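Q: One structure, pasted below without further comment.
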Amino acid sequence: MSGVILDKVVKRYGAVEVVHAIDLTVEPQEFVVLVGPSGCGKSTTLRMIAGLEEISDGTVEIDGRVVNRVAPKDRDVAMVFQNYALYPHLNVADNIAFGLRIRRTPKAEVLASIEEVAGILGLTEYLDRRPADLSGGQRQRVAMGRAIVRHPKVFLFDEPLSNLDAKLRTQMRAEIKRLHKRLGVTSVYVTHDQVEAMTLADRIVVMQDGHIEQIGTPMDLFLNPVNTFVAGFIGSPPMNQIEAIVEGGADAPRATFAGQSIALPKLDELSSRVGEKVTIGIRPEHAKIEPAGADAISVELDLVETLGSEALLHTTLAGNPFIIKAETGGDVEHLNQVTQFWAGPETIKVFDGKTGRAFGHPATSYQGGS
Amino acid sequence: MKLETHQGRKLMRRLTLMAAALATTAFTAPAFADGHLQIVDEPLELTVHLHWPRKQSYDETWPVELAAREMTGIHLKDATAGSNVKDSLEAFNLLLAGGDLPDIVGGHLLKNNVNKYGPEGAFVPLNDLIDEHAPNMKAFFDARPELRQAISAADGNMYYIPYLPDGKYGRAYFIRQDWLDALGLPQPQNVDEVYETLKAFRDGDPNGNGEKDEVPFFARNWEEFPRLVTLWDARTSGSDTYHDFLVQDGKIQHGYAQENYKIGIKNLAKWYAEGLIDPEVFTRGSSSRDYLLGENLGGMTHDWFASTAGYNTKLADTVEGFEFAAMIPPESVSGVRMEEHRRIPIKPDGWAISYQNEHPVETIKYFDFFFTPEGRNLSNFGVEGVHWDMVDGEPIYKPEIVSGERAVNSQMYDIGAQIQRGYWQDYRYEIQWTNEIALAGIALYDEGDYLVDQFLGVAFNEEEQSVFDKYWSSIRTYMLERQQAWLLGTGDVEAEWDDYLADLDRQGFNDVVAVMQSAYDRQYGQ
Amino acid sequence: MPDETRFQRVLFVLRRDWQLYLMLAPTVIWLLLFLYKPMYGLQIAFKDYSIFRGIAASPWVGLEHFHTLFGSDQFVRAVKNTVIISAFSLLFGFPVPILLALMFNEILHKTFKKTAQTIVYLPHFISSVIIAGIVITAFSPSVGIINYLISWLGFEPIYFLTKPEWFRPIFIGTGIWQEAGFSSIVYLAAIAGVSPTLYESAVVDGASRWQMMWKITLPSIMTTIIIMLIIRIGNLLEVSFEMIILLYQPATFETADVVNTWIYRQGLQGGQYDLAAAAGLFNAVVAFVLVIAANSLSKRYSRTSLW
C-alpha cells in the first residue's frame with residue numbers, strides 16, 4: 001500500500017497565501033485526520049492532494065510518485081464530499097458504478113463490484129433508488145460506495161459527516177472506522193469536529209491559519225498539546241486556560257492568579273520564569289471536586305449540566321469561565337454545592353504567556369504515530 | 001374600461017373646451033365673418049372621430065377648424081377612438097366596440113365599414129338630407145351621378161361623404177433620356193421598341209462604367225412589373241387598387257382570367273429571364289427607386305409623376321447628365337396606348353353621421369360647407385390671408401408656404417387642410433408645388449387620351465358579401481402565386497393556363513364574378 | 001371550534017394570511033380579466049359577427065365558419081405549412097440553445113465568453129423588420145453575401161426569396177439565429193444551478209470534460225429541457241408570423257403561408273373576425289391537445305411534467 005507525502009506544500013490565491021509550506025507524511029494504511037477551524041486550510045490541502053486545486057509550491061507525492069502535474073483521475077485517489085455529490089438522475093447502482101463506467105471497466109466486473117460494495121455498505125436493497133429517495137445516512141453510504149468501488153490507493157474525505165444529525169454521525173463514524181479496518185486503505189480525512197478526529201484518527205493533524213500546529217495520536221494531543229491552540233481545540237469540553245504568574249523556585253513552582261495559588265509540575269524551564277506570565281491549562285476531567293490536598297481553588301458555580309453519569313459544572317474563575325467535569329454518582333444535588341476544586345500538579349499544563357507554547361513538553365510513547 | 005374612457009373623454013372635452021374658448025377669443029379674421037355661411041344661431045358642438053394616417057385624431061386647434069368654426073358656428077370636438085393605434089380600421093373597430101359613437105365618424109378607409117354598418121343602423125342615410133339641406137353637394141353629385149352610385153351601399157343609400165381627389169394622373173412611364181441619347185436611340189413607341197430599348201440598356205453600357213450592371217426596367221412596387229401586360233392589351237386592375245376587378249361593356253371582369261393576360265405574362269417571363277427586368281423586383285421594395293437611380297443603374301420604370309420627376313433635381317449633382325423623362329405609354333401589340341393607373345375620383349375616406357347624432361341637419365349643412373367655394377378653399381389651401389391669397393380669382397399660396405422647408409402637403413396636414421374629411425380636392429393645390437418636369441410630363445399625357453375607365457367598386461348586400469368573403473381572398477392569393485411563378489419561370493403559363501382557369505373556377509371565381517355583377521347592376525342601374 | 005361557520009373560517013384564514021392573498025390578487029385579476037373574460041368572445045367563431053351589433057346580438061351560424069375553413073384549400077395548406085415549419089423549427093431550433101449553453105459553459109476565458117454571449121444575444125433585441133431587411137439583403141441575388149459566395153464558388157446565383165423550396169430553411173434558420181442565443185439563457189441558468197461538487201467528484205472519478213457534459217450537465221438540466229420542450233410544443237402552431245409576412249411573396253406562399261398569415265390576410269379582406277376567431281379556436285384546441293399529450297408523455301417517460 002501507498003502513502004502520501006506533502007513536502008513544503010504552498011497554496012496561493014493570487015498574492016494571498018492560504019497554506020504555508022506544510023510538511024506531512026501519511027504512512028501507508030494510516031488514517032490521518034486534518035482538523036481545525038474553518039478557513040484553516042485543511043480542505044484546501046485535501047483538494048491539493050486530490051488534484052482539484054493546483055499546488056502553488058512544494059510537492060505532493062502519492063505512492064512514491066510526485067503528482068503535482070498528474071490529473072486527478074490518474075492519481076488513483078477517491079474522494080467523498082460533504083454534500084455527497086451524488087448524481088440525482090442516476091440510481092444507487094449507477095452512482096456507484098459511475099467511476100468504473102467512465103474507465104470503461106468490463107460490464108461483468110462492474111456488476112460484481114456494485115454487488116460487493118453494496119454488500120459491504122448494506123445498500124443491496126436500495127440499488128434501484130434515486131438519491132432523492134434515500135435518507136442522509138444512506139446517501140453518505142452511497143457516496144462512500146462510489147469511493148471504495150474503485151479500489152483507490154488513497155481515500156480522501158472532505159467533511160463527509162457534517163450534513164448528518166448527531167445520532168447518524170456517531171453511527172457513520174463507527175462505520176467509517178470499521179471500513180478502514182477492513183479495507184486498510186490510506187485515508188486522509190478532513191473535519192472541523194475534534195470528536196470525529198479523536199475517534200477516527202490514527203494520527204491527527206491540527207491546523208490553523210494555513211499552518212500545522214501539531215501532529216500526533218489522539219491521546220498525545222489530548223495529553224500533551226504543544227500550545228494553547230491545540231489545547232483549546234482538542235477535548236470535549238476543551239482544556240480550561242487560566243492566565244497566571246509563576247512563583248517559587250524550580251523545586252516548588254506555583255502559579256498565582258486573582259489572589260489564589262496552585263502548585264505546578266516541576267519543569268526545568270519554569271525556574272527562569274519566576275514572575276513571568278504563563279497560561280496554565282487544566283482539563284475539565286482533571287479538576288476534582290473531592291478534597292485531595294491543600295491546594296483548593298475557589299470557583300463560583302453558575303450552572304450544572306447533567307449528562308447522566310457525568311455532569312459539567314460551569315463556573316467562573318477570576319472572571320473567566322472554568323468547566324469542571326464531575327461524576328454524578330447518581331445524584332446531582334451535591335454538585336450544586338461545589339465551591340472549589342483540586343488539581344494535581346502532574347495534570348496541569350503550563351504554556352508560555354506570550355507565545356502560548358507548552359513548557360517542558362515531555363516526549364511520550366505516543367509520539368510518531370503507528 | 002368603458003367607463004374609464006368615457007370619463008376620460010369627458011375630462012378631455014372640458015379641457016379642450018377651455019383651450020378652444022381661449023383660442024377663439026384670440027382669433028380675429030373679419031374677412032369671412034359676414035355670416036352668410038352661418039349654420040346655427042347658437043354655437044353648436046359636435047363630436048368627431050377622425051382617424052387618419054398622419055395624426056390619428058382631430059386637432060381642435062387647427063387653423064382650418066378654427067376658421068370653419070368662425071364661419072359656420074359649428075365646433076368639432078375630438079372624440080377619436082384608438083389614437084394610440086396606427087391602423088385606421090382597427091381604430092374604427094375599437095370605436096364601434098366601445099358602443100358610444102360620436103356625432104361624426106370619419107377618417108381613413110371608411111367606405112366598407114359605413115356601407116356594412118350603415119344598413120345595420122349605425123349610420124344615418126344621407127340621400128334625403130343632401131337633397132333637402134345640402135345644395136352644394138347635391139349639385140356636385142347631380143353632375144357626377146356615377147360617383148353617387150359608387151359610394152352607395154347595397155340598400156341604395158349613401159352613408160358617407162367621401163374625400164374626392166382631384167387631378168387625373170398617377171403613375172407614368174419614365175425612361176433615362178440621357179441613356180437613350182448615349183445609345184443614339186429614340187424613345188420607344190411600341191412594345192417591340194421597348195423590348196429593343198431594354199436590351200440596348202442591358203448590353204450597351206449606357207451608364208458608361210464598363211460593367212454590365214444596368215437594370216433595364218425596375219419598379220418600386222413589384223406589381224408594376226406585371227402591369228406591363230398592358231403592352232399586350234391585357235389588364236391587371238380596374239382601379240387604383242392593385243389586382244382589382246374591371247368593367248368592360250357593363251360586364252365585371254378580372255384581368256388575370258383573360259386570354260391576353262396569358263400572352264402578356266408569357267412575354268414578360270421571357271423579358272425577366274433575359275435580364276430586362278430587375279431580377280430582385282419582388283423583394284427590393286420601396287427603396288429600389290432611390291438605390292437604382294442613385295447608383296445610376298436603373299433605366300426605366302412606371303411610377304408616380306411628381307415624386308419620380310423629382311429625381312431630376314435630386315440627382316442633378318450626383319449623377320452626371322441625369323435626365324429621367326416621362327414618356328407616353330408605348331403602343332401595345334394592337335396599337336393601343338394605355339395608361340392603366342390613374343387617380344381615383346373617390347377615396348374610401350371621408351365622414352359619416354352616426355345614429356347617435358341629434359343634429360343631423362346641422363351636420364349635413366356643415367358637410368355641405370366644405371363644398372361651398374369658401375369651404376372648399378379652406379379645406380384645400382388653409383386660411384385665406386394666412387396661408388394663401390386670392391390672386392385674379394385663383395387661390396395662390398403665400399411664398400413662404402411654397403418655398404417652405406417641408407413639403408406643401410405636410411404643411412397643409414399641420415393646419416388641418418388636405419386631411420381626410422369629406423371634401424373635394426382642388427388640383428390647383430398640387431400644381432403650385434409640382435416640379436416642371438412632372439408638369440411637362442402631365443402635359444404630354446394630356447395630349448393623348450391614354451387613361452382607361454375606372455371601376456369605382458360595388459357595395460354588397462349581406463348575401464353577396466358572404467360569397468365574396470368566402471372565396472375572393474383565396475382566389476386572389478392563388479392568382480398572385482401563379483403570376484409570380486410564371487414570371488419567375490418556375491411555372492409555364494402556356495402549359496398551365498387551362499388548369500389555372502379550371503382551378504379558378506373550382507375555387508369559386510365565377511361565383512365571385514356573379515355577385516360582383518349583381519351588385520354592380522344594382523348599383524349602377526343596368 | 002365546531003360551531004364555527006364556514007364563513008367565519010374563511011374570514012379567519014383571510015385575515016391571518018391577508019398579505020399572501022394580496023400578493024396573489026394581481027395575478028388572479030390578470031388571469032380573469034385578460035385570459036378568462038376574452039373566452040366569452042370565442043363564441044363569435046359560431047356566429048355571424050357584427051361589431052356594431054355586438055357579440056350577444058349577432059346571429060348564430062353553427063359550424064359554418066369551420067366548414068369555410070376546412071373547405072378552403074389554402075387554409076388546409078396553411079395548416080400543413082404551419083405544422084411543417086413548426087416541426088422543423090423544433091427539430092433544428094430546439095437543440096441549438098442547449099448546445100450554445102453547453103458551449104458557453106465550457107468557455108473559461110471570461111472576456112471571450114462575455115463577448116460571445118453578447119454577440120449571440122444581440123439579434124433577439126433587433127426588431128423583426130430590421131432582421132427581415134438583413135435577411136433579404138443577405139440573400140439578394142445581386143448584393144447578397146450568400147450569393148456572392150455561391151458565385152465565387154462558380155455556381156449561378158439563386159433568387160432565394162422567390163423559391164418555395166428555400167423559404168422554410170431561410171425562415172427557420174433566421175428564427176434560430178435570432179432567438180437561439182437568448183433562449184440559451186434559461187439553460188445557462190439551469191447549468192449554473194448544478195452543484196460544482198458533482199463535477200469535482202466526476203473529475204476525481206476520471207471523467208473527461210466531454211463525459212461530464214454528457215453525463216452530468218445534460219442530465220442535470222434535463223428537467224428544464226423537458227419543460228421548455230413542453231412549452232414549445234404548446235406553441236407549435238404559433239409561428240412568428242410578422243417575420244413571415246416580411247419575408248414571403250406570393251411566389252413562396254406555397255411553402256410559407258401559415259395559419260396566422262392566412263388569418264391576417266383574411267382579416268384584412270373583410271374584417272372577418274368570426275372566421276379568424278374560428279381559425280384561432282382551432283389553433284388553440286390543437287395547442288391544448290399537444291400540450292396535454294407532451295406533458296403526459298414526459299410524465300410517463302422522464303418523470304418530469306408541468307403539472
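Identifiers in the C-alpha cells: chain A, B, ... in order shown; residue index from 1 per chain; ligand index from 1 in order shown.
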Among range 124-293 of chain B, which residues does DSSP mark as strand (DSSP E) when it is run on the backbone? Keep the chain and numbering as in the structure and answer as a CSV table (one decimal) with C-alpha atoms, in the first residue's frame.
A:
chain,number,residue,atom,x,y,z
B,161,ILE,CA,-69.3,61.9,-47.8
B,162,PRO,CA,-66.1,60.9,-49.4
B,171,ARG,CA,-48.2,56.8,-62.4
B,172,ALA,CA,-46.5,57.2,-65.8
B,173,TYR,CA,-43.6,55.7,-67.7
B,174,PHE,CA,-40.3,57.2,-67.1
B,175,ILE,CA,-37.1,56.5,-69.0
B,176,ARG,CA,-33.5,57.6,-68.8
B,215,VAL,CA,-31.1,47.2,-64.5
B,216,PRO,CA,-33.2,48.0,-67.6
B,217,PHE,CA,-36.7,48.0,-66.0
B,246,LEU,CA,-62.7,45.9,-64.0
B,247,VAL,CA,-65.7,46.6,-66.1
B,248,GLN,CA,-65.8,46.0,-69.8
B,251,LYS,CA,-69.6,43.2,-67.5
B,252,ILE,CA,-67.5,42.6,-64.5
B,253,GLN,CA,-64.2,41.0,-65.5
Q: Can you tell me, as a ChimeraX atom specification, what residues are no more than 10 Å from Asn409 in chain B when counting only C-alpha atoms, ignoring any on the same chain fewer than 3 positions away?
A: /B:380-381,401-402,406,412-414,417-419,429-430,433
Q: Please, which residues of chain C lie no more than 10 Å from chain B when the count uses only C-alpha atoms, and can they be set out as a PyMOL selection string?
A: chain C and resi 48+50-55+65+68-69+71-75+133+136-137+140-142+159+161-164+246-254+262+265-272+275
Q: Give me every alpha helix (DSSP H) residue in range 72-172 of chain C, going by DSSP on the backbone, as a VMD selection string.
A: chain C and resid 73 to 88 95 to 106 110 to 121 128 to 138 145 to 152 164 to 172
Q: Write out as CSV a residue-level contact list of chain A versus chain C with cut-off 6 Å: for each qualifying residue the closest pair of atoms and the distance in Å to one decimal, counting only C-alpha atoms, rows sorted by chain and residue number upward.
A:
residue,atom,partner,partner_atom,distance
A:Pro72,CA,C:Val204,CA,5.1
A:Lys73,CA,C:Gly206,CA,4.0
A:Ala85,CA,C:Leu198,CA,4.9
A:Gly99,CA,C:Asp205,CA,4.8
A:Ile102,CA,C:Ala207,CA,5.9
Q: Would you export the selected residues with N, CA and C atoms as a CSV table (one decimal), in the first residue's frame, please?
A:
chain,number,residue,atom,x,y,z
A,72,PRO,N,-6.3,14.5,-11.8
A,72,PRO,CA,-6.9,13.8,-10.7
A,72,PRO,C,-7.2,12.3,-10.9
A,73,LYS,N,-7.7,12.1,-12.2
A,73,LYS,CA,-8.1,10.7,-12.4
A,73,LYS,C,-7.0,9.7,-12.4
A,85,ALA,N,-22.3,14.7,-3.3
A,85,ALA,CA,-22.0,14.7,-4.8
A,85,ALA,C,-22.6,13.5,-5.5
A,99,GLY,N,-17.8,5.8,-11.7
A,99,GLY,CA,-16.3,5.9,-11.9
A,99,GLY,C,-15.8,4.7,-12.7
A,102,ILE,N,-16.8,5.2,-16.4
A,102,ILE,CA,-16.0,6.2,-17.0
A,102,ILE,C,-14.7,5.6,-17.5
Q: Can you pull out every residue within 9 Å of range 383-398 of chain B, counting only C-alpha atoms, but drop anything in the same chain fewer than 3 positions away, and send it as a PyMOL selection string?
A: chain B and resi 29+31+63-64+67+377-379+401-403+415+417+428-429+432
Q: Output C-alpha atoms for every residue in that selection, as a PDB file, in the first residue's frame.
A:
ATOM      1  CA  ALA B  29     -60.404  87.412 -39.035  1.00  0.00           C
ATOM      2  CA  ALA B  31     -62.933  88.781 -43.717  1.00  0.00           C
ATOM      3  CA  PRO B  63     -56.405  76.932 -38.066  1.00  0.00           C
ATOM      4  CA  VAL B  64     -58.802  75.340 -40.556  1.00  0.00           C
ATOM      5  CA  ALA B  67     -61.857  79.201 -39.305  1.00  0.00           C
ATOM      6  CA  ASN B 377     -60.737  76.665 -50.485  1.00  0.00           C
ATOM      7  CA  LEU B 378     -60.444  76.375 -46.745  1.00  0.00           C
ATOM      8  CA  SER B 379     -60.177  72.594 -46.833  1.00  0.00           C
ATOM      9  CA  ILE B 401     -45.577  78.053 -47.975  1.00  0.00           C
ATOM     10  CA  VAL B 402     -44.348  77.040 -51.418  1.00  0.00           C
ATOM     11  CA  SER B 403     -40.716  77.646 -50.587  1.00  0.00           C
ATOM     12  CA  ILE B 415     -53.056  73.184 -40.292  1.00  0.00           C
ATOM     13  CA  ALA B 417     -56.203  71.193 -44.660  1.00  0.00           C
ATOM     14  CA  ARG B 428     -54.638  73.682 -58.133  1.00  0.00           C
ATOM     15  CA  TYR B 429     -53.290  72.981 -54.692  1.00  0.00           C
ATOM     16  CA  GLN B 432     -48.337  75.003 -57.322  1.00  0.00           C
TER      17      GLN B 432
END
Q: What gap, in Å, lies between CA of Gly170 in chain B and CA of Ala200 in chain B?
A: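 Separation between CA of Gly170 in chain B and CA of Ala200 in chain B: 27.9 Å.
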Q: Quick one: distance from CA of Trp307 in chain C to CA of Tyr187 in chain C in Å, one decimal?
A: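 Spanning CA of Trp307 in chain C to CA of Tyr187 in chain C is a straight-line distance of 20.4 Å.
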Q: Just the residues within 7 Å of range 47-49 of chain B, please, counting only C-alpha atoms, with nothing from its chain fewer than 4 positions along; format it as a PyMOL selection string.
A: chain B and resi 76-81+102-106
Q: Just to confirm, what's the straight-line distance from CA of Lys181 in chain A to CA of Asp165 in chain A in Å (one decimal)?
A: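 Taking CA of Lys181 in chain A and CA of Asp165 in chain A, their separation equals 24.1 Å.
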Q: Which polymer residues have any atom within 10 Å of an atom of Leu439 in chain B, counting only C-alpha atoms, with same-chain residues fewer than 5 positions away left out, as a list in words?
A: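 Counting only C-alpha atoms, the residues come to Phe305, Ala306, Ala309, Ala326, Ile431, Trp433, Thr434, Leu444 and Tyr445 of chain B.
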Q: Can you tell me which residues surround Ala343 in chain A at a distance of at most 8 Å, considering only C-alpha atoms, apart from same-chain residues fewer than 3 positions away, and format the answer as a VMD selection string?
A: chain A and resid 282 286 to 288 295 to 296 347 to 348
Q: So that I have them on file, write out the residues from the current selection with N, CA and C atoms, as a short mmCIF file (atom, residue, chain, number, x, y, z; two decimals), in the first residue's frame.
A:
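Contents of again-v2.cif, freshly written:
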data_model
loop_
_atom_site.label_atom_id
_atom_site.label_comp_id
_atom_site.auth_asym_id
_atom_site.auth_seq_id
_atom_site.Cartn_x
_atom_site.Cartn_y
_atom_site.Cartn_z
N ILE A 282 -5.89 23.31 32.58
CA ILE A 282 -6.41 22.21 33.39
C ILE A 282 -7.59 21.60 32.66
N HIS A 286 -9.68 16.68 34.77
CA HIS A 286 -8.64 16.62 35.80
C HIS A 286 -8.93 17.51 37.00
N ALA A 287 -9.97 18.30 36.94
CA ALA A 287 -10.35 19.12 38.09
C ALA A 287 -11.27 18.29 38.98
N LYS A 288 -10.78 18.02 40.19
CA LYS A 288 -11.55 17.14 41.09
C LYS A 288 -12.31 17.98 42.10
N ASP A 295 -4.19 22.42 48.09
CA ASP A 295 -4.36 23.48 47.10
C ASP A 295 -5.77 23.56 46.54
N ALA A 296 -6.72 23.96 47.27
CA ALA A 296 -8.08 24.10 46.74
C ALA A 296 -8.20 25.45 46.04
N THR A 347 -1.12 16.90 36.40
CA THR A 347 -2.14 17.03 35.35
C THR A 347 -2.20 18.44 34.75
N ILE A 348 -1.44 19.34 35.30
CA ILE A 348 -1.52 20.73 34.87
C ILE A 348 -0.51 21.03 33.78
#
